[in-house]
Structure formats: C-alpha cells, structure tokens
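The structure appears right after this line, and notes come after that.
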Amino acid sequence: MPLLVDGRRVQLPQSGDLVRAHPLLEERARLLRGQSVQQVGPQGLLYVQQRELAVTSPKDGSISILGSDDATTCHIVVLRHTGNGATCLTHCDGTDTKAEVPLIMNSIKSFSDHAQCGRLEVHLVGGFSDDRQLSQKLTHQLLSEFDRQEDDIHLVTLCVTELNDREENENHFPIIYGIAVNVKTAEIYRASFQDRGPEEELRAARALTGGPMVSIYDAKTEQLRIGPYSWVPFPHVDFWLQQDDKQILENLSTSPLAEPPHFVEHIRTTLMFLKKYPSPTNTLFPGNKALLYKKNEDGLWEKVPSPRS
C-alpha cells in the first residue's frame, strides 16, 4: 500500500515537488526548523548512533526519549504506530536503504499488541543541499522504500535536504542536526546530546568499519544489547591517525564543510579504538556474549553482569 500525506496517495517526484503538492508538509517543516535546540540529558534517554535502530513503547518503564544527532547527509527516521504508541528511531546513512526500511517496519510490528486501530506515521529529518547530492539521493530512497511497503504509511514530517538547508557564504549547511522523540507524548523536537553512550566508541567503531543496521534495544527486558560484533582491522589506521584535521575531514566525511565541531575528534577517537581492538570478538565480547546495559534508579545506564554459562 502507498505512502500517504493527509490521506492522499503520494506521487514521488523530488521532495520539493512533493512539498508543493502538500503545503502542510512545508508548514510542519518550517515549525520544526524554527524551534530552539533542546539539550537532552541522559535520564530516560536512549541515544541511537549511525546505523542503529531502537524501538520501544509508552509502557517502557526505563526509556522515555529516543534521540540521535550529528546527521549531515544522514537522515533520522521516526516511525510510530498511533494505536499502541510503538516508536522506532533510526539514523540512516544510505548504505542499504532497501534492507533498512523493512527492518524499521518489522521493529514496530514486533510489538504483539499491534493495534488494529491507529495508523503508522513516519517522520524524516536531516540532510541538506550538499554538493554530491547524497542527501537528495537518500531522501528519494527512503520515500521510495516506504512507498513500497504493504502497509499504509502516513508521511507526517518531511524536513529533509532542501527543506533543511541554510546557505552561508555560498556554502550549504543543515539547519537541524539532531532530533528527539518523547515516546510517551509522541512529541518530536530539535535536540542535541552530551551523553551518547554507553559504549560510544565501540558502537562508532562498528559503524565506521561498515557494519549493517542493527537493533540495539530489547523493550521486553528494557535492556540495551550491544554486540557481539566483529570487524576486520581498519585499513591504514596508522596512516589516518598521522593525518592532520583537514585531511581527516576531507577524506572521512561525506560533507566536510557541514560537520559539527567535534567531528574530527570523534573520528580520531574511533580510529584509536580500532587500532587498539583490530579484532574485537574475544577482547570486547568475552565468551562471544552481548554487552548488556539497563537504566538504574537515577535513569542512567548501568552494566548488567553477564549470566554465567
């Protein structure tokens, strides 16, 4: 069944044409862009990194906010079922959109109380008018793949690419880099995050080495599950660690001019982690078991001891 806007079937031209056909989308994008950025603290937060997916519902006693940021050409996708409130947030970079959209869909359907009443609503935020048109390509891929799904999906927010673009000194930048969704109230808002853990470096290393989209949270046990992951040693890691900031920015970013200020430091830290753990299976995941985390009484992540086998 098709992607719908305001109950009408979407024709899938460029996103700009889509907005002209549905002015309400432009108005919603304008309102989102106009918000001030909220600093989201770690309590009750589940932070989603690039190529990760997390899904939960209002019944969750540990998690009330899903969020992600640092999206330049990437898009942050929120899919929600209005009947049972099941909410999925993911950070897509265009690696394998065809495989990722069914994963997003299935994550919502995995909630056994998949309500008959209510509908599926999707929100797409991120990207800008970048030189290589990577954002435009990703916008088109996501819209096309959601349009191919069997279920009716209602496109509620489209704040992507040219709708999320600002120009300064003839250079283009995203307006919104990050969003959060309140699982209890369904509110979506502009956000940034100090705390991107747990295991921020390990999770970033997996994405940098080309790992596919993975689900990181089990809503039934209210536990974050990391791994076990494996990767091959990162090619020329010593060479990259010797390069200056400009070289790293120009070669390891899809959009060098638009990256947030901490991008190079983040890449260096991740490369150092990959140098230290060229093959993570036994060193980082003893017994090849997942690392488990749960929120404590203060709403912060705490490691769960691995069950003895």
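Chain identifiers are assigned as A, B, and so on, following the order in which chains appear in the structure tokens; residues are numbered from 1 within each chain, and ligands are numbered from 1 in order of appearance.
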Could you give me, as an mmCIF file with all heavy atoms, in the first residue's frame, the residues within 7 Å of segment 77-79 of chain A, counting only C-alpha atoms and dropping anything in the same chain fewer than 3 positions from it?
data_model
loop_
_atom_site.group_PDB
_atom_site.id
_atom_site.type_symbol
_atom_site.label_atom_id
_atom_site.label_comp_id
_atom_site.auth_asym_id
_atom_site.auth_seq_id
_atom_site.Cartn_x
_atom_site.Cartn_y
_atom_site.Cartn_z
ATOM 1 N N THR A 87 7.268 3.076 18.990
ATOM 2 C CA THR A 87 8.044 4.121 18.309
ATOM 3 C C THR A 87 9.436 3.613 17.994
ATOM 4 O O THR A 87 10.130 3.093 18.861
ATOM 5 C CB THR A 87 8.160 5.371 19.213
ATOM 6 O OG1 THR A 87 6.839 5.783 19.603
ATOM 7 C CG2 THR A 87 8.856 6.509 18.508
ATOM 8 N N CYS A 88 9.831 3.784 16.739
ATOM 9 C CA CYS A 88 11.174 3.390 16.308
ATOM 10 C C CYS A 88 11.913 4.633 15.837
ATOM 11 O O CYS A 88 11.357 5.456 15.105
ATOM 12 C CB CYS A 88 11.077 2.385 15.154
ATOM 13 S SG CYS A 88 12.669 2.014 14.391
ATOM 14 N N LEU A 89 13.170 4.781 16.278
ATOM 15 C CA LEU A 89 14.026 5.854 15.763
ATOM 16 C C LEU A 89 15.297 5.216 15.220
ATOM 17 O O LEU A 89 15.876 4.327 15.850
ATOM 18 C CB LEU A 89 14.355 6.876 16.851
ATOM 19 C CG LEU A 89 15.188 8.085 16.380
ATOM 20 C CD1 LEU A 89 14.733 9.376 17.080
ATOM 21 C CD2 LEU A 89 16.682 7.890 16.623
ATOM 22 N N THR A 90 15.704 5.662 14.033
ATOM 23 C CA THR A 90 16.930 5.142 13.451
ATOM 24 C C THR A 90 17.668 6.254 12.705
ATOM 25 O O THR A 90 17.077 7.268 12.338
ATOM 26 C CB THR A 90 16.624 3.947 12.516
ATOM 27 O OG1 THR A 90 17.846 3.432 12.008
ATOM 28 C CG2 THR A 90 15.753 4.348 11.353
ATOM 29 N N HIS A 91 18.981 6.049 12.516
ATOM 30 C CA HIS A 91 19.864 7.036 11.904
ATOM 31 C C HIS A 91 20.418 6.393 10.627
ATOM 32 O O HIS A 91 21.296 5.543 10.686
ATOM 33 C CB HIS A 91 20.983 7.357 12.914
ATOM 34 C CG HIS A 91 21.901 8.471 12.509
ATOM 35 N ND1 HIS A 91 22.217 9.511 13.349
ATOM 36 C CD2 HIS A 91 22.603 8.702 11.378
ATOM 37 C CE1 HIS A 91 23.082 10.329 12.742
ATOM 38 N NE2 HIS A 91 23.326 9.851 11.541
ATOM 39 N N LEU A 120 0.164 3.974 11.018
ATOM 40 C CA LEU A 120 1.615 4.147 11.012
ATOM 41 C C LEU A 120 1.954 5.532 10.484
ATOM 42 O O LEU A 120 1.488 5.925 9.402
ATOM 43 C CB LEU A 120 2.272 3.085 10.121
ATOM 44 C CG LEU A 120 2.268 1.660 10.663
ATOM 45 C CD1 LEU A 120 2.625 0.678 9.558
ATOM 46 C CD2 LEU A 120 3.254 1.515 11.828
ATOM 47 N N GLU A 121 2.755 6.270 11.258
ATOM 48 C CA GLU A 121 3.168 7.613 10.842
ATOM 49 C C GLU A 121 4.681 7.678 10.775
ATOM 50 O O GLU A 121 5.371 7.190 11.677
ATOM 51 C CB GLU A 121 2.654 8.660 11.838
ATOM 52 C CG GLU A 121 1.135 8.750 11.858
ATOM 53 C CD GLU A 121 0.601 9.880 12.733
ATOM 54 O OE1 GLU A 121 1.356 10.409 13.594
ATOM 55 O OE2 GLU A 121 -0.582 10.223 12.554
ATOM 56 N N VAL A 122 5.206 8.292 9.708
ATOM 57 C CA VAL A 122 6.655 8.392 9.553
ATOM 58 C C VAL A 122 7.082 9.860 9.515
ATOM 59 O O VAL A 122 6.363 10.725 8.999
ATOM 60 C CB VAL A 122 7.152 7.632 8.293
ATOM 61 C CG1 VAL A 122 6.738 8.327 6.995
ATOM 62 C CG2 VAL A 122 8.656 7.425 8.333
ATOM 63 N N HIS A 123 8.244 10.110 10.121
ATOM 64 C CA HIS A 123 8.838 11.452 10.177
ATOM 65 C C HIS A 123 10.269 11.339 9.669
ATOM 66 O O HIS A 123 11.033 10.498 10.173
ATOM 67 C CB HIS A 123 8.837 11.978 11.612
ATOM 68 C CG HIS A 123 7.500 11.898 12.297
ATOM 69 N ND1 HIS A 123 6.625 12.953 12.359
ATOM 70 C CD2 HIS A 123 6.875 10.859 12.926
ATOM 71 C CE1 HIS A 123 5.526 12.582 13.006
ATOM 72 N NE2 HIS A 123 5.656 11.311 13.356
ATOM 73 N N LEU A 124 10.645 12.150 8.689
ATOM 74 C CA LEU A 124 12.005 12.131 8.133
ATOM 75 C C LEU A 124 12.640 13.504 8.346
ATOM 76 O O LEU A 124 12.073 14.522 7.937
ATOM 77 C CB LEU A 124 11.982 11.824 6.629
ATOM 78 C CG LEU A 124 11.235 10.572 6.148
ATOM 79 C CD1 LEU A 124 11.317 10.458 4.635
ATOM 80 C CD2 LEU A 124 11.797 9.320 6.786
ATOM 81 N N VAL A 125 13.824 13.506 8.978
ATOM 82 C CA VAL A 125 14.508 14.769 9.270
ATOM 83 C C VAL A 125 15.998 14.597 8.973
ATOM 84 O O VAL A 125 16.598 13.586 9.345
ATOM 85 C CB VAL A 125 14.334 15.170 10.759
ATOM 86 C CG1 VAL A 125 15.051 16.487 11.043
ATOM 87 C CG2 VAL A 125 12.856 15.270 11.135
#
| task | Would you please give, as a VMD selection string, all residues of segment 128-206 of chain A that DSSP assigns to strand (DSSP E or B) based on the backbone? | result | chain A and resid 153 to 160 165 to 168 171 to 174 179 to 182 188 to 193
Quick one: residues within 9 Å of Phe273 of chain A, only C-alpha atoms, excluding same-chain residues fewer than 3 positions away - as a PDB file with C-alpha atoms, in the first residue's frame?
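Printed below is out_1.pdb as written:
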ATOM      1  CA  GLU A 201      33.446   4.277  20.891  1.00  0.00           C
ATOM      2  CA  LEU A 202      32.635   0.606  20.360  1.00  0.00           C
ATOM      3  CA  ALA A 205      33.784   1.689  15.519  1.00  0.00           C
ATOM      4  CA  ARG A 268      40.318  10.159  15.798  1.00  0.00           C
ATOM      5  CA  THR A 269      38.961   8.569  18.975  1.00  0.00           C
ATOM      6  CA  THR A 270      37.183   5.907  16.907  1.00  0.00           C
ATOM      7  CA  LYS A 276      43.571  -0.910  19.985  1.00  0.00           C
ATOM      8  CA  TYR A 277      40.957  -3.545  19.082  1.00  0.00           C
ATOM      9  CA  PRO A 278      41.670  -4.662  15.494  1.00  0.00           C
TER      10      PRO A 278
END
| DSSP alpha helix (DSSP H) selection over segment 3-222 of chain A, as an MDAnalysis selection string | chainID A and resid 15:21 23:33 97:109 134:148 200:208
| Contacts of Ile248 of chain A within 12 Å, only C-alpha atoms, excl. fewer than 4 positions in-chain, as a list in words | Val237, Phe239, Trp240, Leu241, Gln242, Gln243, Asp244, Leu252, Ser253, Thr254, Ser255, Pro256, Glu259, Phe263, Val264, Glu265, His266, Ile267, Arg268 and Leu271 of chain A
| task | Excluding segment 107-111 of chain A and any residue of its chain fewer than 5 positions from it, enumerate the residues within 10 Å of it, using only C-alpha atoms, and give them as a PyMOL selection string. | result | chain A and resi 53-57+79-81+84-88+101-102+120+215+219-220
Give me a file of those residues, with all heavy atoms, as a CSV table (one decimal), in the first residue's frame.
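And here's out_30.csv as it stands now:
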chain,number,residue,atom,x,y,z
A,53,LEU,N,19.2,1.1,15.3
A,53,LEU,CA,17.8,1.2,15.4
A,53,LEU,C,17.3,0.9,16.8
A,53,LEU,O,17.9,0.0,17.4
A,53,LEU,CB,17.2,0.2,14.4
A,53,LEU,CG,15.7,-0.1,14.3
A,53,LEU,CD1,15.4,-0.6,12.9
A,53,LEU,CD2,15.3,-1.2,15.3
A,54,ALA,N,16.4,1.7,17.3
A,54,ALA,CA,15.8,1.4,18.6
A,54,ALA,C,14.3,1.5,18.6
A,54,ALA,O,13.8,2.5,18.0
A,54,ALA,CB,16.5,2.2,19.7
A,55,VAL,N,13.6,0.6,19.2
A,55,VAL,CA,12.2,0.7,19.3
A,55,VAL,C,11.7,0.4,20.7
A,55,VAL,O,12.2,-0.5,21.3
A,55,VAL,CB,11.5,-0.3,18.2
A,55,VAL,CG1,11.9,-1.7,18.5
A,55,VAL,CG2,10.0,-0.1,18.1
A,56,THR,N,10.7,1.1,21.1
A,56,THR,CA,10.0,0.9,22.4
A,56,THR,C,8.6,1.4,22.3
A,56,THR,O,8.2,1.9,21.3
A,56,THR,CB,10.8,1.4,23.6
A,56,THR,OG1,10.3,0.9,24.8
A,56,THR,CG2,10.9,2.9,23.6
A,57,SER,N,7.9,1.4,23.5
A,57,SER,CA,6.5,1.9,23.5
A,57,SER,C,6.3,2.7,24.8
A,57,SER,O,7.2,2.7,25.7
A,57,SER,CB,5.6,0.7,23.5
A,57,SER,OG,5.5,0.1,24.8
A,79,LEU,N,9.4,6.2,13.1
A,79,LEU,CA,8.2,5.5,12.6
A,79,LEU,C,7.4,5.2,13.9
A,79,LEU,O,7.9,4.6,14.8
A,79,LEU,CB,8.4,4.2,11.8
A,79,LEU,CG,7.2,3.5,11.3
A,79,LEU,CD1,6.5,4.3,10.2
A,79,LEU,CD2,7.6,2.1,10.8
A,80,ARG,N,6.1,5.6,13.9
A,80,ARG,CA,5.3,5.4,15.1
A,80,ARG,C,3.9,4.8,14.8
A,80,ARG,O,3.3,5.2,13.8
A,80,ARG,CB,5.2,6.7,15.9
A,80,ARG,CG,4.4,6.6,17.2
A,80,ARG,CD,4.5,8.0,17.9
A,80,ARG,NE,3.8,7.8,19.2
A,80,ARG,CZ,2.5,7.9,19.3
A,80,ARG,NH1,1.7,8.2,18.3
A,80,ARG,NH2,1.9,7.8,20.5
A,81,HIS,N,3.4,3.9,15.6
A,81,HIS,CA,2.1,3.4,15.5
A,81,HIS,C,1.2,4.2,16.5
A,81,HIS,O,1.4,4.1,17.7
A,81,HIS,CB,2.0,1.9,15.8
A,81,HIS,CG,0.7,1.3,15.4
A,81,HIS,ND1,-0.5,1.5,16.1
A,81,HIS,CD2,0.3,0.7,14.3
A,81,HIS,CE1,-1.5,0.9,15.5
A,81,HIS,NE2,-1.1,0.4,14.4
A,84,ASN,N,-0.8,1.8,19.5
A,84,ASN,CA,-0.1,1.3,20.7
A,84,ASN,C,1.1,2.1,21.1
A,84,ASN,O,1.7,1.9,22.1
A,84,ASN,CB,0.3,-0.2,20.5
A,84,ASN,CG,1.2,-0.4,19.3
A,84,ASN,OD1,1.8,0.6,18.8
A,84,ASN,ND2,1.4,-1.6,18.9
A,85,GLY,N,1.4,3.2,20.3
A,85,GLY,CA,2.5,4.1,20.7
A,85,GLY,C,3.8,3.5,20.4
A,85,GLY,O,4.8,4.2,20.7
A,86,ALA,N,4.0,2.3,19.8
A,86,ALA,CA,5.3,1.8,19.5
A,86,ALA,C,6.0,2.8,18.6
A,86,ALA,O,5.5,3.2,17.6
A,86,ALA,CB,5.1,0.4,18.8
A,87,THR,N,7.3,3.1,19.0
A,87,THR,CA,8.0,4.1,18.3
A,87,THR,C,9.4,3.6,18.0
A,87,THR,O,10.1,3.1,18.9
A,87,THR,CB,8.2,5.4,19.2
A,87,THR,OG1,6.8,5.8,19.6
A,87,THR,CG2,8.9,6.5,18.5
A,88,CYS,N,9.8,3.8,16.7
A,88,CYS,CA,11.2,3.4,16.3
A,88,CYS,C,11.9,4.6,15.8
A,88,CYS,O,11.4,5.5,15.1
A,88,CYS,CB,11.1,2.4,15.2
A,88,CYS,SG,12.7,2.0,14.4
A,101,VAL,N,14.6,-0.2,5.6
A,101,VAL,CA,13.2,0.2,5.8
A,101,VAL,C,12.3,-1.0,6.2
A,101,VAL,O,11.6,-0.9,7.2
A,101,VAL,CB,12.6,0.8,4.5
A,101,VAL,CG1,11.1,1.0,4.6
A,101,VAL,CG2,13.2,2.2,4.3
A,102,PRO,N,12.5,-2.2,5.6
A,102,PRO,CA,11.7,-3.4,6.2
A,102,PRO,C,12.1,-3.7,7.6
A,102,PRO,O,11.3,-4.1,8.4
A,102,PRO,CB,12.1,-4.6,5.3
A,102,PRO,CG,12.5,-3.9,4.0
A,102,PRO,CD,13.1,-2.6,4.3
A,120,LEU,N,0.2,4.0,11.0
A,120,LEU,CA,1.6,4.1,11.0
A,120,LEU,C,2.0,5.5,10.5
A,120,LEU,O,1.5,5.9,9.4
A,120,LEU,CB,2.3,3.1,10.1
A,120,LEU,CG,2.3,1.7,10.7
A,120,LEU,CD1,2.6,0.7,9.6
A,120,LEU,CD2,3.3,1.5,11.8
A,215,SER,N,19.5,-3.5,15.5
A,215,SER,CA,18.6,-3.1,16.6
A,215,SER,C,19.4,-3.2,17.9
A,215,SER,O,20.0,-4.3,18.1
A,215,SER,CB,17.4,-4.0,16.6
A,215,SER,OG,16.6,-3.7,17.7
A,219,ALA,N,12.9,-4.1,24.3
A,219,ALA,CA,11.9,-3.4,25.1
A,219,ALA,C,11.3,-4.3,26.1
A,219,ALA,O,10.8,-3.8,27.1
A,219,ALA,CB,10.8,-2.8,24.2
A,220,LYS,N,11.3,-5.6,25.9
A,220,LYS,CA,10.7,-6.5,26.8
A,220,LYS,C,11.5,-6.6,28.1
A,220,LYS,O,10.9,-6.6,29.2
A,220,LYS,CB,10.6,-7.9,26.2
A,220,LYS,CG,9.5,-8.0,25.1
A,220,LYS,CD,9.4,-9.5,24.6
A,220,LYS,CE,8.3,-9.5,23.5
A,220,LYS,NZ,8.8,-8.9,22.2
| query | Any idea what's packed within 12 Å of Glu170 of chain A, counting only C-alpha atoms, ignoring anything in its chain fewer than 6 positions away? Could you give it as a list in words? | reply |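 In the requested form, the answer reads Ser129, Asp130, Asp131 and Leu257 of chain A.
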Could you give me, as a short mmCIF file (atom, residue, chain, number, x, y, z; two decimals) with N, CA and C atoms, in the first residue's frame, the residues within 8 Å of segment 25-33 of chain A, counting only C-alpha atoms and dropping anything in the same chain fewer than 4 positions from it?
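Contents of out.cif, as written:
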data_model
loop_
_atom_site.label_atom_id
_atom_site.label_comp_id
_atom_site.auth_asym_id
_atom_site.auth_seq_id
_atom_site.Cartn_x
_atom_site.Cartn_y
_atom_site.Cartn_z
N VAL A 19 6.43 18.69 -1.61
CA VAL A 19 6.01 19.72 -0.66
C VAL A 19 5.06 20.72 -1.32
N ARG A 20 5.35 21.04 -2.58
CA ARG A 20 4.44 21.96 -3.29
C ARG A 20 3.05 21.35 -3.43
N VAL A 156 4.13 12.33 7.91
CA VAL A 156 3.66 13.47 8.72
C VAL A 156 4.70 14.59 8.72
N THR A 157 5.99 14.24 8.82
CA THR A 157 7.05 15.26 8.85
C THR A 157 8.06 14.97 7.75
N LEU A 158 8.35 15.98 6.94
CA LEU A 158 9.38 15.88 5.90
C LEU A 158 10.23 17.14 6.00
N CYS A 159 11.32 17.03 6.77
CA CYS A 159 12.21 18.19 6.94
C CYS A 159 13.60 17.73 6.53
N LEU A 163 14.66 21.22 2.33
CA LEU A 163 13.78 21.75 3.38
C LEU A 163 14.52 21.91 4.71
N ASN A 164 15.77 21.43 4.75
CA ASN A 164 16.57 21.51 5.99
C ASN A 164 17.90 22.20 5.68
N ILE A 175 20.13 22.72 8.77
CA ILE A 175 19.61 23.52 9.88
C ILE A 175 19.49 22.63 11.11
N ILE A 176 18.84 21.47 10.94
CA ILE A 176 18.66 20.53 12.06
C ILE A 176 19.66 19.39 11.92
N TYR A 189 11.16 16.90 18.56
CA TYR A 189 11.73 18.24 18.70
C TYR A 189 13.22 18.23 18.41
N ARG A 190 13.74 19.41 18.07
CA ARG A 190 15.18 19.58 17.80
C ARG A 190 15.96 19.33 19.09
#
| task | Rounded to one decimal place, report the atom CA of Tyr229 of chain A-atom CA of Gln149 of chain A distance in Å. | result |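 Distance reported for this atom pair: 29.4 Å.
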| query | From the set A:Gly197, A:Pro280, A:Pro305, A:Pro286, which residue has the shortest atom-to-atom contact distance to Ser68 of chain A, counting only C-alpha atoms? | reply |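 Among A:Gly197, A:Pro280, A:Pro305, A:Pro286, it is A:Gly197 that comes nearest to Ser68 of chain A.
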| said: Report, in Å with one decimal, the straight-line distance from atom CA of Pro198 of chain A to atom CA of Ile226 of chain A. | reply: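 If I compute the distance from atom CA of Pro198 of chain A to atom CA of Ile226 of chain A, I get 9.2 Å.
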| Pick from A:Leu3, A:Leu45, A:Leu143, A:Ala258 nearest to Phe128 of chain A, counting only C-alpha atoms |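 Nearest candidate to Phe128 of chain A out of A:Leu3, A:Leu45, A:Leu143, A:Ala258: A:Ala258.
Using only C-alpha atoms, the nearest neighbour of Gly127 of chain A within the list A:Ser62, A:Asn169, A:Asn296, A:Thr72 is A:Thr72.
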| said: Let me make sure I understand: among A:Arg8, A:Thr97, A:Glu222, A:Phe193, which one has the smallest atom-to-atom distance to Gly299 of chain A if we use only C-alpha atoms? | reply: A:Glu222
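For the set A:Arg9, A:Lys246, A:Lys184, A:Arg148, the residue with the smallest atom-to-atom gap to Met105 of chain A is A:Arg148, counting only C-alpha atoms.
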| Which of these, A:Arg51, A:Lys98, A:His22, A:Arg166, has the shortest distance to Arg203 of chain A once you count only C-alpha atoms? |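 The answer is A:Arg51, which sits nearest to Arg203 of chain A.
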